[in-house]
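See below for the structure under consideration.
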Amino acid sequence: MRKRENIKKTQPDDLKDPYLTATDYKDMSVCRVCHDIYHNKRWIHDEALYDRLVRNPAGVNFTVCPSCKKIENHYYEGVVELSGDFLFEHKDEILHLIRNTENRADYINPQEKIENLEIDDANKLIRLTTTSEDLAQRIGKNIESAYDGNLQLSFSEDDRLVRVYWSR
């Protein structure tokens with residue numbers, strides 16, 4: 001009997017996110033673009049805390065968070081392409097579902113954002129990019145769950161990138 005080999009598949013999380021390791025953020029660092037706050041070794045979105053910090057900025061480090069740097073540099077980890085006649089018959093509902101998915105992701109991890117959203121009416125295509133693989137997958141799975149259709153996920157072996165294709 002052949003011995004089972006311990007082969008570890010490379011997961012996207014195994015690859016370092018260059019934007020997370022590029023800078024060591026100090027506690028109470030505030031992103032001047034999106035107002036997210038680095039606190040207790042993680043990014044949070046808290047408007048009340050932001051207001052208090054801005055009113056008394058002593059000791060506050062104003063910076064740009066990793067997510068906003070990704071958007072600024074057009075670096076994305078997720079690509080979502082939605083297509084088909086059904087998509088455009090229900091375009092407003094699906095766009096609302098996309099925004100709701102982003103809002104829920106923001107509550108869990110404010111560093112998961114939609115970078116760019118393009119609507120091509122002529123070709124019946126919606127294309128968006130995200131700052132995280134998880135958000136792209138969640139958008140695709142939520143649309144499939146709500147509207148059925150054909151969902152395909154394609155993961156890059158070398159980069160932190162997922163491509164999500166949905167059509168109906």
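Within each chain, counting starts at residue 1; across the structure tokens, chains are named A, B, ... in the order shown, with ligands numbered 1 upward in that order.
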
* Asked: In chain A, what's alpha helix (DSSP H) per DSSP? Answer as a VMD selection string?
  -> chain A and resid 18 to 21 47 to 55 66 to 72 85 to 89 91 to 108 133 to 147

Contacts of region 127-141 of chain A at 6 Å (only C-alpha atoms; same-chain gap of 3+ positions) as an mmCIF file with all heavy atoms, in the first residue's frame:
```cif
data_model
loop_
_atom_site.group_PDB
_atom_site.id
_atom_site.type_symbol
_atom_site.label_atom_id
_atom_site.label_comp_id
_atom_site.auth_asym_id
_atom_site.auth_seq_id
_atom_site.Cartn_x
_atom_site.Cartn_y
_atom_site.Cartn_z
ATOM 1 N N TYR A 76 -5.954 44.755 -7.009
ATOM 2 C CA TYR A 76 -7.165 44.063 -6.579
ATOM 3 C C TYR A 76 -6.870 42.580 -6.378
ATOM 4 O O TYR A 76 -5.935 42.026 -6.944
ATOM 5 C CB TYR A 76 -8.308 44.261 -7.578
ATOM 6 C CG TYR A 76 -7.925 43.980 -9.013
ATOM 7 C CD1 TYR A 76 -7.981 42.691 -9.523
ATOM 8 C CD2 TYR A 76 -7.513 45.004 -9.849
ATOM 9 C CE1 TYR A 76 -7.630 42.433 -10.828
ATOM 10 C CE2 TYR A 76 -7.166 44.758 -11.163
ATOM 11 C CZ TYR A 76 -7.216 43.468 -11.654
ATOM 12 O OH TYR A 76 -6.863 43.203 -12.937
ATOM 13 N N GLU A 77 -7.682 41.958 -5.540
ATOM 14 C CA GLU A 77 -7.545 40.535 -5.250
ATOM 15 C C GLU A 77 -8.762 39.750 -5.707
ATOM 16 O O GLU A 77 -8.762 38.532 -5.632
ATOM 17 C CB GLU A 77 -7.302 40.324 -3.757
ATOM 18 C CG GLU A 77 -5.969 40.876 -3.313
ATOM 19 C CD GLU A 77 -5.670 40.632 -1.846
ATOM 20 O OE1 GLU A 77 -6.471 39.983 -1.155
ATOM 21 O OE2 GLU A 77 -4.614 41.105 -1.398
ATOM 22 N N GLY A 78 -9.783 40.441 -6.168
ATOM 23 C CA GLY A 78 -10.978 39.773 -6.672
ATOM 24 C C GLY A 78 -11.521 40.478 -7.889
ATOM 25 O O GLY A 78 -11.542 41.701 -7.953
ATOM 26 N N VAL A 79 -11.929 39.679 -8.882
ATOM 27 C CA VAL A 79 -12.583 40.190 -10.080
ATOM 28 C C VAL A 79 -13.899 39.442 -10.199
ATOM 29 O O VAL A 79 -13.915 38.208 -10.162
ATOM 30 C CB VAL A 79 -11.729 39.964 -11.346
ATOM 31 C CG1 VAL A 79 -12.468 40.426 -12.589
ATOM 32 C CG2 VAL A 79 -10.387 40.657 -11.228
ATOM 33 N N VAL A 80 -14.989 40.175 -10.310
ATOM 34 C CA VAL A 80 -16.311 39.564 -10.454
ATOM 35 C C VAL A 80 -16.899 40.033 -11.776
ATOM 36 O O VAL A 80 -16.944 41.238 -12.038
ATOM 37 C CB VAL A 80 -17.247 39.970 -9.290
ATOM 38 C CG1 VAL A 80 -18.619 39.343 -9.462
ATOM 39 C CG2 VAL A 80 -16.639 39.597 -7.949
ATOM 40 N N GLU A 81 -17.308 39.060 -12.610
ATOM 41 C CA GLU A 81 -17.960 39.387 -13.878
ATOM 42 C C GLU A 81 -19.320 38.716 -13.897
ATOM 43 O O GLU A 81 -19.426 37.497 -13.757
ATOM 44 C CB GLU A 81 -17.113 38.931 -15.061
ATOM 45 C CG GLU A 81 -15.875 39.767 -15.239
ATOM 46 C CD GLU A 81 -15.121 39.455 -16.523
ATOM 47 O OE1 GLU A 81 -15.638 38.695 -17.376
ATOM 48 O OE2 GLU A 81 -14.011 39.980 -16.661
ATOM 49 N N GLU A 112 -12.330 45.081 3.463
ATOM 50 C CA GLU A 112 -12.901 44.450 2.268
ATOM 51 C C GLU A 112 -13.814 45.462 1.589
ATOM 52 O O GLU A 112 -14.872 45.798 2.100
ATOM 53 C CB GLU A 112 -13.686 43.192 2.647
ATOM 54 C CG GLU A 112 -12.807 42.088 3.189
ATOM 55 C CD GLU A 112 -13.569 40.803 3.459
ATOM 56 O OE1 GLU A 112 -14.817 40.802 3.409
ATOM 57 O OE2 GLU A 112 -12.898 39.799 3.725
ATOM 58 N N LYS A 113 -13.358 45.943 0.432
ATOM 59 C CA LYS A 113 -14.098 46.997 -0.259
ATOM 60 C C LYS A 113 -14.209 46.684 -1.755
ATOM 61 O O LYS A 113 -13.377 45.973 -2.309
ATOM 62 C CB LYS A 113 -13.380 48.339 -0.111
ATOM 63 C CG LYS A 113 -13.281 48.875 1.304
ATOM 64 C CD LYS A 113 -12.561 50.208 1.309
ATOM 65 C CE LYS A 113 -12.337 50.865 2.625
ATOM 66 N NZ LYS A 113 -12.739 50.323 3.845
ATOM 67 N N ILE A 114 -15.219 47.251 -2.385
ATOM 68 C CA ILE A 114 -15.309 47.223 -3.843
ATOM 69 C C ILE A 114 -14.490 48.389 -4.350
ATOM 70 O O ILE A 114 -14.687 49.524 -3.934
ATOM 71 C CB ILE A 114 -16.771 47.320 -4.311
ATOM 72 C CG1 ILE A 114 -17.528 46.055 -3.922
ATOM 73 C CG2 ILE A 114 -16.834 47.556 -5.821
ATOM 74 C CD1 ILE A 114 -19.005 46.087 -4.236
ATOM 75 N N GLU A 115 -13.553 48.089 -5.237
ATOM 76 C CA GLU A 115 -12.685 49.135 -5.784
ATOM 77 C C GLU A 115 -13.343 49.854 -6.951
ATOM 78 O O GLU A 115 -13.315 51.069 -7.044
ATOM 79 C CB GLU A 115 -11.370 48.522 -6.283
ATOM 80 C CG GLU A 115 -10.500 47.979 -5.191
ATOM 81 C CD GLU A 115 -9.158 47.520 -5.727
ATOM 82 O OE1 GLU A 115 -8.587 48.191 -6.611
ATOM 83 O OE2 GLU A 115 -8.679 46.490 -5.253
ATOM 84 N N ASN A 116 -13.892 49.083 -7.852
ATOM 85 C CA ASN A 116 -14.397 49.652 -9.083
ATOM 86 C C ASN A 116 -15.599 48.825 -9.528
ATOM 87 O O ASN A 116 -15.582 47.607 -9.415
ATOM 88 C CB ASN A 116 -13.296 49.609 -10.149
ATOM 89 C CG ASN A 116 -13.666 50.362 -11.395
ATOM 90 O OD1 ASN A 116 -14.407 51.335 -11.354
ATOM 91 N ND2 ASN A 116 -13.164 49.916 -12.531
ATOM 92 N N LEU A 117 -16.621 49.479 -10.020
ATOM 93 C CA LEU A 117 -17.802 48.796 -10.525
ATOM 94 C C LEU A 117 -18.152 49.408 -11.867
ATOM 95 O O LEU A 117 -18.368 50.614 -11.962
ATOM 96 C CB LEU A 117 -18.969 48.946 -9.541
ATOM 97 C CG LEU A 117 -20.197 48.131 -9.905
ATOM 98 C CD1 LEU A 117 -20.658 47.317 -8.718
ATOM 99 C CD2 LEU A 117 -21.320 49.025 -10.377
ATOM 100 N N GLU A 118 -18.161 48.570 -12.904
ATOM 101 C CA GLU A 118 -18.464 49.034 -14.264
ATOM 102 C C GLU A 118 -19.710 48.324 -14.763
ATOM 103 O O GLU A 118 -19.833 47.104 -14.621
ATOM 104 C CB GLU A 118 -17.304 48.717 -15.210
ATOM 105 C CG GLU A 118 -15.986 49.329 -14.821
ATOM 106 C CD GLU A 118 -14.817 48.753 -15.619
ATOM 107 O OE1 GLU A 118 -15.055 47.961 -16.560
ATOM 108 O OE2 GLU A 118 -13.680 49.087 -15.280
ATOM 109 N N GLU A 144 -25.574 33.772 -6.705
ATOM 110 C CA GLU A 144 -25.998 32.429 -7.099
ATOM 111 C C GLU A 144 -27.088 31.911 -6.162
ATOM 112 O O GLU A 144 -28.071 31.304 -6.603
ATOM 113 C CB GLU A 144 -24.812 31.467 -7.096
ATOM 114 C CG GLU A 144 -25.231 30.057 -7.510
ATOM 115 C CD GLU A 144 -24.170 29.019 -7.227
ATOM 116 O OE1 GLU A 144 -23.494 29.111 -6.194
ATOM 117 O OE2 GLU A 144 -24.043 28.107 -8.053
ATOM 118 N N SER A 145 -26.927 32.150 -4.879
ATOM 119 C CA SER A 145 -27.914 31.692 -3.906
ATOM 120 C C SER A 145 -29.272 32.354 -4.128
ATOM 121 O O SER A 145 -30.318 31.704 -4.011
ATOM 122 C CB SER A 145 -27.417 32.000 -2.489
ATOM 123 O OG SER A 145 -28.384 31.667 -1.534
ATOM 124 N N VAL A 162 -8.736 35.946 -7.128
ATOM 125 C CA VAL A 162 -9.823 35.052 -7.506
ATOM 126 C C VAL A 162 -10.650 35.749 -8.575
ATOM 127 O O VAL A 162 -10.864 36.960 -8.509
ATOM 128 C CB VAL A 162 -10.706 34.645 -6.294
ATOM 129 C CG1 VAL A 162 -11.415 35.841 -5.689
ATOM 130 C CG2 VAL A 162 -11.707 33.568 -6.680
#
```

* To do: Measuring atom to atom with only C-alpha atoms, identify which of A:Leu87, A:Ile37, A:Tyr19, A:Ile119 is nearest to Asn73 (chain A).
  =>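 Smallest distance to Asn73 (chain A) is found for A:Tyr19.
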
* In chain A, DSSP strand (DSSP E) residues written as a PyMOL selection string -> chain A and resi 29-31+37-39+42-44+61-63+78-83+114-120+125-130+150-155+162-167

* **Atomic distance CA of Glu93 (chain A) - CA of Arg168 (chain A), expressed in Å with one decimal** => 14.3 Å

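Between CA of Leu151 (chain A) and CA of Tyr165 (chain A) there is a distance of 5.7 Å.
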
* Distance criterion (only C-alpha atoms): nearest to Leu53 (chain A) out of A:Ile94, A:Ile143, A:Cys31, A:Ile71 -> A:Cys31

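Atom to atom, CA of Phe62 (chain A) and CA of Asp36 (chain A) stand 10.4 Å apart.
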